[in-house]
>>> print(open('data.txt').read())   # compact mmCIF, C-alpha atoms
# COMPACT_ATOMS: atom_id res chain seq x y z
CA MET A 22 0.00 0.00 0.00
CA ILE A 23 1.18 3.52 -0.84
CA THR A 24 2.06 5.58 2.21
CA LEU A 25 2.59 9.28 2.66
CA SER A 26 5.75 10.81 4.07
CA CYS A 27 5.58 13.34 6.93
CA GLU A 28 6.46 16.07 4.45
CA GLU A 29 3.58 15.12 2.18
CA VAL A 30 1.22 15.11 5.17
CA ARG A 31 2.40 18.58 6.21
CA ARG A 32 1.67 19.88 2.73
CA GLU A 33 -1.89 18.56 2.97
CA ILE A 34 -2.71 19.61 6.55
CA SER A 35 -4.49 22.76 5.45
CA ASN A 36 -6.54 20.98 2.77
CA TYR A 37 -7.44 18.31 5.34
CA LEU A 38 -8.73 20.94 7.76
CA ASP A 39 -10.84 22.39 4.94
CA ASP A 40 -12.05 18.94 3.87
CA ASP A 41 -10.65 19.79 0.45
CA MET A 42 -9.14 16.54 -0.79
CA SER A 43 -10.06 13.31 -2.52
CA PRO A 44 -11.41 10.43 -0.39
CA ARG A 45 -8.31 8.45 -1.37
CA MET A 46 -5.92 11.15 -0.14
CA ARG A 47 -7.96 11.51 3.05
CA ARG A 48 -7.64 7.78 3.72
CA LEU A 49 -3.89 7.83 3.11
CA LEU A 50 -3.47 10.81 5.36
CA GLU A 51 -5.53 9.31 8.14
CA VAL A 52 -3.53 6.08 7.98
CA HIS A 53 -0.39 8.14 8.40
CA LEU A 54 -1.89 10.14 11.29
CA GLU A 55 -2.78 6.96 13.14
CA GLN A 56 0.82 5.85 13.02
CA CYS A 57 2.73 9.13 13.33
CA ARG A 58 2.43 10.99 16.59
CA LYS A 59 4.36 14.04 15.36
CA CYS A 60 1.97 14.65 12.48
CA ALA A 61 -1.06 13.97 14.70
CA VAL A 62 0.21 16.57 17.16
CA LEU A 63 0.79 19.02 14.31
CA LEU A 64 -2.78 18.55 13.08
CA ASP A 65 -4.35 18.82 16.55
CA SER A 66 -2.41 21.90 17.53
CA THR A 67 -3.04 23.70 14.22
CA HIS A 68 -6.74 22.87 14.38
CA ASN A 69 -7.01 24.05 17.96
CA VAL A 70 -5.26 27.34 17.26
CA LEU A 71 -7.61 27.97 14.32
CA VAL A 72 -10.68 27.29 16.46
CA LEU A 73 -9.38 29.76 19.05
CA LEU A 74 -8.61 32.33 16.33
CA ALA A 75 -12.16 32.24 14.99
CA ASP A 76 -13.72 32.79 18.41
CA GLU A 77 -15.31 36.23 18.48
CA ARG A 78 -14.87 36.60 22.21
CA ARG A 79 -11.30 37.68 21.70
CA PHE A 80 -12.26 40.69 19.56
CA GLU A 81 -12.78 43.85 21.53
CA LEU A 82 -14.39 46.92 20.03
CA PRO A 83 -13.05 50.34 21.03
CA ALA A 84 -15.31 52.17 23.49
CA GLY A 85 -18.10 54.00 21.68
CA PHE A 86 -17.48 52.28 18.33
CA SER A 87 -21.10 51.18 17.81
CA LEU A 88 -22.42 54.59 18.78
CA ARG A 89 -20.11 56.34 16.31
CA VAL A 90 -21.16 53.95 13.55
CA ARG A 91 -24.81 54.69 14.29
CA GLN A 92 -24.20 58.43 14.27
CA MET A 93 -22.38 58.21 10.96
CA LEU A 94 -25.19 56.12 9.47
CA ALA A 95 -27.90 58.42 10.86
CA LYS A 96 -26.39 61.28 8.83
CA GLU A 97 -26.29 59.06 5.75
CA PHE A 98 -29.93 58.01 6.21
CA GLU A 99 -30.99 61.66 6.46
CA LYS A 100 -29.12 62.39 3.27
CA ALA A 101 -30.67 59.37 1.54
CA LYS A 102 -34.16 60.53 2.55
CA ALA A 103 -33.52 64.05 1.30
CA ASP A 104 -32.34 62.78 -2.13
CA MET B 19 -28.68 15.33 17.07
CA SER B 20 -26.49 12.66 18.58
CA GLU B 21 -24.25 13.30 21.55
CA ASN B 22 -21.22 13.17 19.28
CA CYS B 23 -22.70 15.80 17.00
CA GLU B 24 -23.45 18.05 19.96
CA THR B 25 -19.92 17.62 21.26
CA PHE B 26 -18.59 18.41 17.81
CA TRP B 27 -20.74 21.51 17.43
CA ARG B 28 -19.78 22.88 20.83
CA ALA B 29 -16.12 22.23 20.10
CA VAL B 30 -16.10 24.12 16.81
CA ASN B 31 -18.60 26.81 17.66
CA PRO B 32 -18.82 27.28 21.40
CA THR B 33 -20.60 30.61 21.57
CA SER B 34 -23.59 30.10 19.38
CA GLU B 35 -26.82 28.27 18.86
CA LEU B 36 -27.25 26.43 15.60
CA ASP B 37 -27.77 29.59 13.62
CA SER B 38 -24.32 30.70 12.68
CA ASP B 39 -21.93 30.04 9.86
CA MET B 40 -20.61 26.67 8.96
CA PRO B 41 -17.44 26.18 10.95
CA THR B 42 -14.04 25.86 9.33
CA ALA B 43 -13.44 22.36 10.57
CA VAL B 44 -16.76 20.82 9.65
CA GLY B 45 -15.02 18.34 7.39
CA LEU B 46 -13.27 16.77 10.33
CA HIS B 47 -16.53 15.56 11.75
CA GLY B 48 -17.75 14.00 8.53
CA CYS B 49 -21.32 13.56 9.76
CA ALA B 50 -23.96 13.94 7.04
CA GLN B 51 -26.72 14.73 9.53
CA MET B 52 -24.71 17.55 11.08
CA GLN B 53 -23.77 18.95 7.69
CA ASN B 54 -27.42 18.93 6.58
CA THR B 55 -28.40 20.75 9.78
CA LEU B 56 -25.74 23.35 9.08
CA VAL B 57 -26.88 23.81 5.48
CA ARG B 58 -30.54 24.24 6.56
CA GLU B 59 -29.56 26.80 9.18
CA SER B 60 -27.44 28.63 6.64
CA ASP B 61 -30.41 28.78 4.19
CA ARG B 62 -32.62 30.14 6.96
CA VAL B 63 -30.10 32.87 7.78
CA LEU B 64 -29.79 33.81 4.09
CA GLU B 65 -33.57 34.03 3.75
CA GLY B 66 -33.81 36.29 6.82
CA GLU B 67 -31.06 38.50 5.42
CA ARG B 68 -32.75 38.81 2.04
CA GLU B 69 -35.99 39.94 3.68
CA LEU B 70 -34.15 42.47 5.82
CA ILE B 71 -32.26 43.87 2.83
CA ALA B 72 -35.47 44.15 0.79
CA GLU B 73 -37.00 46.25 3.58
CA ILE B 74 -33.93 48.48 3.80
CA LEU B 75 -33.99 49.03 0.05
CA ALA B 76 -37.70 49.85 0.27
CA GLY B 77 -36.76 52.81 2.47
CA ASN B 78 -36.67 51.41 6.00
CA HIS B 79 -33.05 52.46 6.38
CA GLU B 80 -32.86 52.10 10.16
CA LEU B 81 -33.02 48.32 9.70
CA TYR B 82 -29.48 48.51 8.36
CA TYR B 83 -28.30 48.79 11.98
CA GLU B 84 -29.85 45.38 12.58
CA LEU B 85 -28.03 43.95 9.58
CA ILE B 86 -24.59 45.17 10.59
CA ALA B 87 -24.78 45.02 14.39
CA PRO B 88 -23.83 41.31 14.66
CA LEU B 89 -20.90 41.94 12.31
CA GLU B 90 -19.31 44.97 13.95
CA ARG B 91 -16.68 43.00 15.83
CA ARG B 92 -15.57 41.10 12.74
CA VAL B 93 -15.59 44.25 10.61
CA TYR B 94 -13.42 46.11 13.09
CA TYR B 95 -11.14 43.15 13.74
CA THR B 96 -10.60 42.54 10.01
CA ALA B 97 -9.68 46.19 9.48
CA TYR B 98 -7.47 46.20 12.56
CA ALA B 99 -5.71 42.95 11.62
CA ILE B 100 -4.80 44.45 8.25
CA LEU B 101 -3.95 48.00 9.34
CA ARG B 102 -2.65 47.53 12.90
CA THR B 103 -3.76 50.94 14.16
CA GLU B 104 -7.02 51.63 15.95
CA ALA B 105 -7.68 54.96 14.25
CA ASP B 106 -7.25 53.58 10.73
CA ALA B 107 -9.20 50.45 11.60
CA GLU B 108 -12.17 52.49 12.80
CA GLU B 109 -12.11 54.79 9.79
CA VAL B 110 -11.93 51.90 7.36
CA SER B 111 -14.69 50.06 9.25
CA GLN B 112 -16.96 53.09 8.93
CA GLU B 113 -16.07 53.59 5.27
CA ALA B 114 -16.81 49.95 4.48
CA ILE B 115 -20.12 49.98 6.37
CA LEU B 116 -21.10 53.14 4.50
CA LYS B 117 -19.98 51.77 1.16
CA ALA B 118 -22.00 48.61 1.74
CA PHE B 119 -25.10 50.68 2.53
CA ARG B 120 -24.68 52.81 -0.58
CA GLY B 121 -24.09 49.73 -2.71
CA LEU B 122 -26.71 47.52 -1.11
CA ARG B 123 -28.74 47.50 -4.31
CA THR B 124 -25.82 45.82 -6.07
CA PHE B 125 -25.58 43.04 -3.47
CA ARG B 126 -26.82 39.98 -5.30
CA GLY B 127 -27.68 37.84 -2.32
CA GLU B 128 -25.93 34.75 -3.63
CA ALA B 129 -23.42 34.84 -0.80
CA LYS B 130 -24.04 35.91 2.76
CA PHE B 131 -24.13 39.63 3.47
CA SER B 132 -21.30 39.13 5.96
CA THR B 133 -19.06 37.70 3.22
CA TRP B 134 -19.77 40.67 0.99
CA LEU B 135 -19.26 43.23 3.75
CA LEU B 136 -16.04 41.65 5.01
CA SER B 137 -14.67 41.55 1.46
CA ILE B 138 -15.33 45.28 1.22
CA VAL B 139 -13.56 45.82 4.56
CA ALA B 140 -10.55 43.78 3.43
CA ASN B 141 -10.41 45.64 0.15
CA GLU B 142 -10.68 49.08 1.77
CA GLY B 143 -8.08 48.06 4.34
CA ARG B 144 -5.61 46.91 1.73
CA MET B 145 -6.09 50.08 -0.29
CA ARG B 146 -5.47 52.18 2.80
CA LEU B 147 -2.39 50.15 3.60
CA ARG B 148 -0.98 50.58 0.14
CA LYS B 149 -1.55 54.29 0.28
CA ARG B 150 0.03 54.52 3.71
CA ARG B 151 3.08 52.53 2.85
CA GLU B 152 3.23 53.50 -0.80
CA VAL B 153 3.73 49.86 -1.61
CA SER B 154 2.80 48.79 -5.12
CA LEU B 155 0.16 46.19 -5.82
CA GLU B 156 2.76 44.00 -7.47
CA LEU B 157 4.91 43.96 -4.38
CA LEU B 158 1.99 42.95 -2.18
CA LYS B 159 1.14 40.15 -4.53
CA SER B 160 4.66 38.92 -5.15
CA PRO B 161 4.98 35.29 -4.23
CA ASP B 162 8.34 35.82 -2.54
CA ASN B 163 9.49 33.09 -0.30
CA GLU B 164 6.38 30.97 -0.69
CA GLY B 165 8.21 27.66 -0.82
CA GLU B 166 8.32 24.84 1.69
CA TYR B 167 7.75 25.70 5.32
CA THR B 168 8.79 23.38 8.11
CA PRO B 169 6.71 23.73 11.24
CA ILE B 170 8.09 23.39 14.75
CA GLU B 171 7.89 19.85 16.08
CA LEU B 172 6.15 19.32 19.38
CA ALA B 173 6.43 16.14 21.38
CA GLU B 174 2.91 16.55 22.72
CA TRP B 175 -0.05 18.83 22.51
CA ARG B 176 -2.54 19.63 25.21
CA GLU B 177 -5.82 21.02 24.01
CA ILE B 178 -6.39 24.66 24.88
CA ALA B 179 -10.01 25.09 25.85
CA VAL B 180 -11.94 27.90 24.21
CA GLU B 181 -12.95 29.03 27.71
CA ALA B 182 -9.30 30.01 28.15
CA LEU B 183 -9.92 32.89 25.74
CA ALA B 184 -11.42 34.72 28.70
CA GLN B 185 -7.83 35.09 29.83
CA LYS B 186 -6.67 38.35 28.34
CA GLU B 187 -3.15 37.08 28.02
CA LEU B 188 -4.15 34.22 25.77
CA ALA B 189 -6.19 36.49 23.53
CA ALA B 190 -3.22 38.87 23.36
CA ARG B 191 -0.87 36.03 22.34
CA LEU B 192 -3.26 35.08 19.53
CA GLU B 193 -3.33 38.69 18.44
CA GLU B 194 0.47 38.82 18.41
CA ALA B 195 0.64 35.61 16.41
CA VAL B 196 -1.62 37.07 13.71
CA ALA B 197 0.25 40.37 13.73
CA ALA B 198 3.59 38.60 13.31
CA LEU B 199 2.57 37.09 9.97
CA PRO B 200 3.85 38.72 6.80
CA GLU B 201 1.03 40.60 5.13
CA ILE B 202 0.32 38.21 2.25
CA TYR B 203 -0.22 35.39 4.73
CA ARG B 204 -2.05 37.48 7.30
CA GLU B 205 -4.72 38.68 4.90
CA VAL B 206 -5.49 35.14 3.69
CA LEU B 207 -5.71 33.86 7.26
CA ILE B 208 -8.00 36.72 8.33
CA LEU B 209 -10.46 36.19 5.51
CA ARG B 210 -10.48 32.41 5.57
CA ASP B 211 -10.07 31.48 9.23
CA ILE B 212 -11.37 34.49 11.11
CA ASP B 213 -14.02 35.86 8.76
CA GLU B 214 -14.78 32.33 7.51
CA LEU B 215 -14.99 33.14 3.82
CA ASN B 216 -14.52 30.03 1.72
CA ILE B 217 -11.51 29.51 -0.56
CA ALA B 218 -13.24 30.87 -3.67
CA GLU B 219 -14.54 33.93 -1.81
CA THR B 220 -11.09 34.58 -0.34
CA SER B 221 -9.59 34.29 -3.81
CA ALA B 222 -12.10 36.79 -5.21
CA ALA B 223 -11.69 39.24 -2.31
CA LEU B 224 -7.90 39.29 -2.58
CA GLU B 225 -7.81 39.01 -6.37
CA ILE B 226 -5.41 36.09 -6.28
CA SER B 227 -5.81 32.59 -7.70
CA VAL B 228 -7.34 29.68 -5.76
CA PRO B 229 -4.01 27.77 -5.75
CA ALA B 230 -2.29 30.88 -4.36
CA VAL B 231 -4.90 31.10 -1.58
CA LYS B 232 -4.31 27.46 -0.68
CA THR B 233 -0.53 27.77 -0.71
CA ARG B 234 -0.57 30.89 1.44
CA LEU B 235 -3.20 29.48 3.75
CA LEU B 236 -1.14 26.39 4.50
CA ARG B 237 1.84 28.49 5.35
CA ALA B 238 -0.17 31.07 7.30
CA ARG B 239 -1.82 28.38 9.42
CA LEU B 240 1.46 26.64 10.21
CA MET B 241 3.20 29.93 10.98
CA VAL B 242 0.47 31.24 13.25
CA ARG B 243 0.38 27.91 15.04
CA ASP B 244 4.16 27.94 15.45
CA TYR B 245 4.22 31.47 16.76
CA PHE B 246 1.42 30.76 19.17
CA VAL B 247 2.70 27.47 20.54
CA SER B 248 6.24 28.71 20.90
CA ARG B 249 5.38 32.00 22.66
CA SER B 250 2.29 31.16 24.59
CA TRP B 251 1.58 27.53 25.22
CA ALA B 252 5.18 26.67 26.01
CA ARG B 253 5.28 29.54 28.47
CA HIS B 254 2.20 28.27 30.27
CA LEU B 255 3.73 24.83 30.51
CA ALA B 256 6.96 26.30 31.79
CA SER B 257 5.09 28.27 34.43
CA GLY B 258 3.74 24.98 35.75
CA LYS B 259 0.07 25.49 34.89
CA ALA B 260 -1.41 22.06 34.35
CA GLN B 261 -4.35 23.27 32.31
CA LEU B 262 -5.01 26.46 30.41
>>> encode(input="data.txt", output="structure tokens")
Amino acid sequence: MITLSCEEVRREISNYLDDDMSPRMRRLLEVHLEQCRKCAVLLDSTHNVLVLLADERRFELPAGFSLRVRQMLAKEFEKAKAD
Amino acid sequence: MSENCETFWRAVNPTSELDSDMPTAVGLHGCAQMQNTLVRESDRVLEGERELIAEILAGNHELYYELIAPLERRVYYTAYAILRTEADAEEVSQEAILKAFRGLRTFRGEAKFSTWLLSIVANEGRMRLRKRREVSLELLKSPDNEGEYTPIELAEWREIAVEALAQKELAARLEEAVAALPEIYREVLILRDIDELNIAETSAALEISVPAVKTRLLRARLMVRDYFVSRSWARHLASGKAQL
């Protein structure tokens, strides 16, 4: 059976996370991951960091941001009504 | 929904009910039932958006607040991640929100409104950046140094719980990791992994090819992971904290 090298797995990590690969490649990659702890750790850690990155709780808006956006839009709405 | 599906959903999307965007890592779960649920929810959100936009276009402008309010954090963060200064990020956020309102009639409704708005933010941000730095488009797009990248090897990995984001320090380390990326990698990562545009949408927003998005995304993900694990996670381990 054909096997993937660690380097080939690294190249496909991103596509694997996006589920953007053929079923055959996915199988090969998963066989490798079952046997290679280093690559499994690389996948887990990358995945976890991406989940944390996407979490909105870490984004903080500057104080008054929403209010200023509303004020800016209120002027625009007035203008749109006048046109 | 089975227990496994629930566990999966909470893991990938801890803050929401089943009404938000399809998570990045949905493919890892591989559950058809869960994917169908996500698609149905996504259709429902799109339908709600279309109705809201129709009302705004009919003259009920104040409803535009409702459309953009859930997106303010992502709009600001996207602008900030590109520009790195609060003043520029706020100006660009406002310009993009205004531009989207003025161009709402041209929004075709095939994608989500959030995708469209965030693409405008990214575009405005990049234009501002180019102006500020007087860097040419060609330079920004040059595929310099996009070859192989070898990530740091770790002997083990302990899951960092999303609850740990409440710790300001952890959030700051993530921020640093994103900021440390060279621009061509940072912008791909922001659009794909933070704003959750798909590959094709990211390619269109940045005006680069799909293969270029994929190549940069791989590198961006490995680099941000490396920066984060080397500066943050290792430090927590060294300080003797058993669990983040």
>>> interface_residues(input="data.txt", of="chain A", to="chain B", cutoff="7 Å", atoms="all atoms listed in the file", output="VMD selection string")
chain A and resid 35 38 to 40 59 62 66 to 67 69 to 75 79 to 82 90 98
>>> atom_distance(input="data.txt", atom1="CA of Glu28 (chain A)", atom2="CA of Arg47 (chain A)")
15.2 Å
>>> axis_aligned_box(input="data.txt", around="region 52-59 of chain A", padding_each_side="3 Å", output="lines of an AutoDock Vina configuration file")
center_x = 0.4
center_y = 9.9
center_z = 12.3
size_x = 13.9
size_y = 14.2
size_z = 14.6
>>> atom_distance(input="data.txt", atom1="CA of Arg148 (chain B)", atom2="CA of Arg102 (chain B)")
13.2 Å
>>> atom_distance(input="data.txt", atom1="CA of Lys149 (chain B)", atom2="CA of Glu219 (chain B)")
24.2 Å
>>> residues_around(input="data.txt", residues="Ala76 (chain B)", least_positions_apart="6", cutoff="12 Å", atoms="all atoms listed in the file", output="MDAnalysis selection string")
(chainID A and resid 101:102) or (chainID B and resid 69:70 82 122:123)
>>> closest_residue(input="data.txt", among="A:Glu97, A:Ser43, A:Tyr37, A:Arg48", to="Thr24 (chain A)", atoms="all atoms listed in the file")
A:Arg48
>>> residues_near_point(input="data.txt", point="(-26.8, 39.3, -4.4)", cutoff="12 Å", atoms="all atoms listed in the file", output="PDB file with C-alpha atoms, in the frame of the given file")
ATOM      1  CA  LEU B  64     -29.790  33.810   4.090  1.00  0.00           C
ATOM      2  CA  GLU B  65     -33.570  34.030   3.750  1.00  0.00           C
ATOM      3  CA  GLU B  67     -31.060  38.500   5.420  1.00  0.00           C
ATOM      4  CA  ARG B  68     -32.750  38.810   2.040  1.00  0.00           C
ATOM      5  CA  ILE B  71     -32.260  43.870   2.830  1.00  0.00           C
ATOM      6  CA  ALA B  72     -35.470  44.150   0.790  1.00  0.00           C
ATOM      7  CA  GLY B 121     -24.090  49.730  -2.710  1.00  0.00           C
ATOM      8  CA  LEU B 122     -26.710  47.520  -1.110  1.00  0.00           C
ATOM      9  CA  ARG B 123     -28.740  47.500  -4.310  1.00  0.00           C
ATOM     10  CA  THR B 124     -25.820  45.820  -6.070  1.00  0.00           C
ATOM     11  CA  PHE B 125     -25.580  43.040  -3.470  1.00  0.00           C
ATOM     12  CA  ARG B 126     -26.820  39.980  -5.300  1.00  0.00           C
ATOM     13  CA  GLY B 127     -27.680  37.840  -2.320  1.00  0.00           C
ATOM     14  CA  GLU B 128     -25.930  34.750  -3.630  1.00  0.00           C
ATOM     15  CA  ALA B 129     -23.420  34.840  -0.800  1.00  0.00           C
ATOM     16  CA  LYS B 130     -24.040  35.910   2.760  1.00  0.00           C
ATOM     17  CA  PHE B 131     -24.130  39.630   3.470  1.00  0.00           C
ATOM     18  CA  SER B 132     -21.300  39.130   5.960  1.00  0.00           C
ATOM     19  CA  THR B 133     -19.060  37.700   3.220  1.00  0.00           C
ATOM     20  CA  TRP B 134     -19.770  40.670   0.990  1.00  0.00           C
ATOM     21  CA  LEU B 135     -19.260  43.230   3.750  1.00  0.00           C
TER      22      LEU B 135
END
>>> closest_residue(input="data.txt", among="A:Arg45, A:Leu94, A:Asn36, A:His53", to="His68 (chain A)", atoms="only C-alpha atoms")
A:Asn36
>>> closest_residue(input="data.txt", among="A:Met93, A:Ala84, A:Leu64, A:Ala103", to="Arg32 (chain A)", atoms="all atoms listed in the file")
A:Leu64
>>> build_atoms(input="data.txt", residues="region 38-70 of chain A", atoms="N, CA and C atoms", output="PDB file, in the frame of the given file")
ATOM      1  N   LEU A  38      -7.888  20.144   6.847  1.00  0.00           N
ATOM      2  CA  LEU A  38      -8.730  20.940   7.760  1.00  0.00           C
ATOM      3  C   LEU A  38      -9.926  21.544   7.023  1.00  0.00           C
ATOM      4  N   ASP A  39      -9.739  21.822   5.733  1.00  0.00           N
ATOM      5  CA  ASP A  39     -10.840  22.390   4.940  1.00  0.00           C
ATOM      6  C   ASP A  39     -11.677  21.304   4.267  1.00  0.00           C
ATOM      7  N   ASP A  40     -11.362  20.056   4.518  1.00  0.00           N
ATOM      8  CA  ASP A  40     -12.050  18.940   3.870  1.00  0.00           C
ATOM      9  C   ASP A  40     -11.986  19.104   2.342  1.00  0.00           C
ATOM     10  N   ASP A  41     -10.821  19.497   1.859  1.00  0.00           N
ATOM     11  CA  ASP A  41     -10.650  19.790   0.450  1.00  0.00           C
ATOM     12  C   ASP A  41      -9.637  18.813  -0.141  1.00  0.00           C
ATOM     13  N   MET A  42     -10.029  17.548  -0.214  1.00  0.00           N
ATOM     14  CA  MET A  42      -9.140  16.540  -0.790  1.00  0.00           C
ATOM     15  C   MET A  42      -9.947  15.316  -1.209  1.00  0.00           C
ATOM     16  N   SER A  43      -9.350  14.494  -2.042  1.00  0.00           N
ATOM     17  CA  SER A  43     -10.060  13.310  -2.520  1.00  0.00           C
ATOM     18  C   SER A  43     -10.208  12.316  -1.365  1.00  0.00           C
ATOM     19  N   PRO A  44     -11.243  11.456  -1.436  1.00  0.00           N
ATOM     20  CA  PRO A  44     -11.410  10.430  -0.390  1.00  0.00           C
ATOM     21  C   PRO A  44     -10.157   9.556  -0.256  1.00  0.00           C
ATOM     22  N   ARG A  45      -9.501   9.318  -1.384  1.00  0.00           N
ATOM     23  CA  ARG A  45      -8.310   8.450  -1.370  1.00  0.00           C
ATOM     24  C   ARG A  45      -7.182   9.117  -0.569  1.00  0.00           C
ATOM     25  N   MET A  46      -6.970  10.407  -0.851  1.00  0.00           N
ATOM     26  CA  MET A  46      -5.920  11.150  -0.140  1.00  0.00           C
ATOM     27  C   MET A  46      -6.260  11.231   1.352  1.00  0.00           C
ATOM     28  N   ARG A  47      -7.527  11.434   1.646  1.00  0.00           N
ATOM     29  CA  ARG A  47      -7.960  11.510   3.050  1.00  0.00           C
ATOM     30  C   ARG A  47      -7.629  10.194   3.773  1.00  0.00           C
ATOM     31  N   ARG A  48      -7.923   9.081   3.108  1.00  0.00           N
ATOM     32  CA  ARG A  48      -7.640   7.780   3.720  1.00  0.00           C
ATOM     33  C   ARG A  48      -6.143   7.612   3.985  1.00  0.00           C
ATOM     34  N   LEU A  49      -5.342   7.958   2.969  1.00  0.00           N
ATOM     35  CA  LEU A  49      -3.890   7.830   3.110  1.00  0.00           C
ATOM     36  C   LEU A  49      -3.368   8.682   4.254  1.00  0.00           C
ATOM     37  N   LEU A  50      -3.917   9.882   4.328  1.00  0.00           N
ATOM     38  CA  LEU A  50      -3.470  10.810   5.360  1.00  0.00           C
ATOM     39  C   LEU A  50      -3.860  10.303   6.748  1.00  0.00           C
ATOM     40  N   GLU A  51      -5.066   9.785   6.835  1.00  0.00           N
ATOM     41  CA  GLU A  51      -5.530   9.310   8.140  1.00  0.00           C
ATOM     42  C   GLU A  51      -4.757   8.060   8.598  1.00  0.00           C
ATOM     43  N   VAL A  52      -4.368   7.237   7.631  1.00  0.00           N
ATOM     44  CA  VAL A  52      -3.530   6.080   7.980  1.00  0.00           C
ATOM     45  C   VAL A  52      -2.210   6.564   8.562  1.00  0.00           C
ATOM     46  N   HIS A  53      -1.657   7.582   7.912  1.00  0.00           N
ATOM     47  CA  HIS A  53      -0.390   8.140   8.400  1.00  0.00           C
ATOM     48  C   HIS A  53      -0.568   8.734   9.808  1.00  0.00           C
ATOM     49  N   LEU A  54      -1.656   9.470   9.996  1.00  0.00           N
ATOM     50  CA  LEU A  54      -1.890  10.140  11.290  1.00  0.00           C
ATOM     51  C   LEU A  54      -2.044   9.133  12.435  1.00  0.00           C
ATOM     52  N   GLU A  55      -2.623   7.983  12.105  1.00  0.00           N
ATOM     53  CA  GLU A  55      -2.780   6.960  13.140  1.00  0.00           C
ATOM     54  C   GLU A  55      -1.428   6.420  13.610  1.00  0.00           C
ATOM     55  N   GLN A  56      -0.467   6.469  12.696  1.00  0.00           N
ATOM     56  CA  GLN A  56       0.820   5.850  13.020  1.00  0.00           C
ATOM     57  C   GLN A  56       1.909   6.851  13.411  1.00  0.00           C
ATOM     58  N   CYS A  57       1.674   8.145  13.102  1.00  0.00           N
ATOM     59  CA  CYS A  57       2.730   9.130  13.330  1.00  0.00           C
ATOM     60  C   CYS A  57       2.269  10.169  14.345  1.00  0.00           C
ATOM     61  N   ARG A  58       2.840  10.095  15.511  1.00  0.00           N
ATOM     62  CA  ARG A  58       2.430  10.990  16.590  1.00  0.00           C
ATOM     63  C   ARG A  58       2.779  12.461  16.283  1.00  0.00           C
ATOM     64  N   LYS A  59       3.943  12.664  15.657  1.00  0.00           N
ATOM     65  CA  LYS A  59       4.360  14.040  15.360  1.00  0.00           C
ATOM     66  C   LYS A  59       3.356  14.743  14.445  1.00  0.00           C
ATOM     67  N   CYS A  60       2.923  14.036  13.418  1.00  0.00           N
ATOM     68  CA  CYS A  60       1.970  14.650  12.480  1.00  0.00           C
ATOM     69  C   CYS A  60       0.598  14.817  13.139  1.00  0.00           C
ATOM     70  N   ALA A  61       0.220  13.859  13.994  1.00  0.00           N
ATOM     71  CA  ALA A  61      -1.060  13.970  14.700  1.00  0.00           C
ATOM     72  C   ALA A  61      -1.057  15.191  15.617  1.00  0.00           C
ATOM     73  N   VAL A  62       0.071  15.409  16.276  1.00  0.00           N
ATOM     74  CA  VAL A  62       0.210  16.570  17.160  1.00  0.00           C
ATOM     75  C   VAL A  62       0.164  17.870  16.341  1.00  0.00           C
ATOM     76  N   LEU A  63       0.807  17.835  15.179  1.00  0.00           N
ATOM     77  CA  LEU A  63       0.790  19.020  14.310  1.00  0.00           C
ATOM     78  C   LEU A  63      -0.650  19.353  13.892  1.00  0.00           C
ATOM     79  N   LEU A  64      -1.388  18.333  13.494  1.00  0.00           N
ATOM     80  CA  LEU A  64      -2.780  18.550  13.080  1.00  0.00           C
ATOM     81  C   LEU A  64      -3.624  19.075  14.244  1.00  0.00           C
ATOM     82  N   ASP A  65      -3.537  18.413  15.388  1.00  0.00           N
ATOM     83  CA  ASP A  65      -4.350  18.820  16.550  1.00  0.00           C
ATOM     84  C   ASP A  65      -4.056  20.254  16.966  1.00  0.00           C
ATOM     85  N   SER A  66      -2.779  20.570  17.040  1.00  0.00           N
ATOM     86  CA  SER A  66      -2.410  21.900  17.530  1.00  0.00           C
ATOM     87  C   SER A  66      -2.824  22.980  16.521  1.00  0.00           C
ATOM     88  N   THR A  67      -2.642  22.710  15.238  1.00  0.00           N
ATOM     89  CA  THR A  67      -3.040  23.700  14.220  1.00  0.00           C
ATOM     90  C   THR A  67      -4.550  23.898  14.257  1.00  0.00           C
ATOM     91  N   HIS A  68      -5.273  22.793  14.324  1.00  0.00           N
ATOM     92  CA  HIS A  68      -6.740  22.870  14.380  1.00  0.00           C
ATOM     93  C   HIS A  68      -7.203  23.664  15.588  1.00  0.00           C
ATOM     94  N   ASN A  69      -6.607  23.379  16.724  1.00  0.00           N
ATOM     95  CA  ASN A  69      -7.010  24.050  17.960  1.00  0.00           C
ATOM     96  C   ASN A  69      -6.732  25.555  17.892  1.00  0.00           C
ATOM     97  N   VAL A  70      -5.588  25.909  17.368  1.00  0.00           N
ATOM     98  CA  VAL A  70      -5.260  27.340  17.260  1.00  0.00           C
ATOM     99  C   VAL A  70      -6.251  28.040  16.322  1.00  0.00           C
TER     100      VAL A  70
END
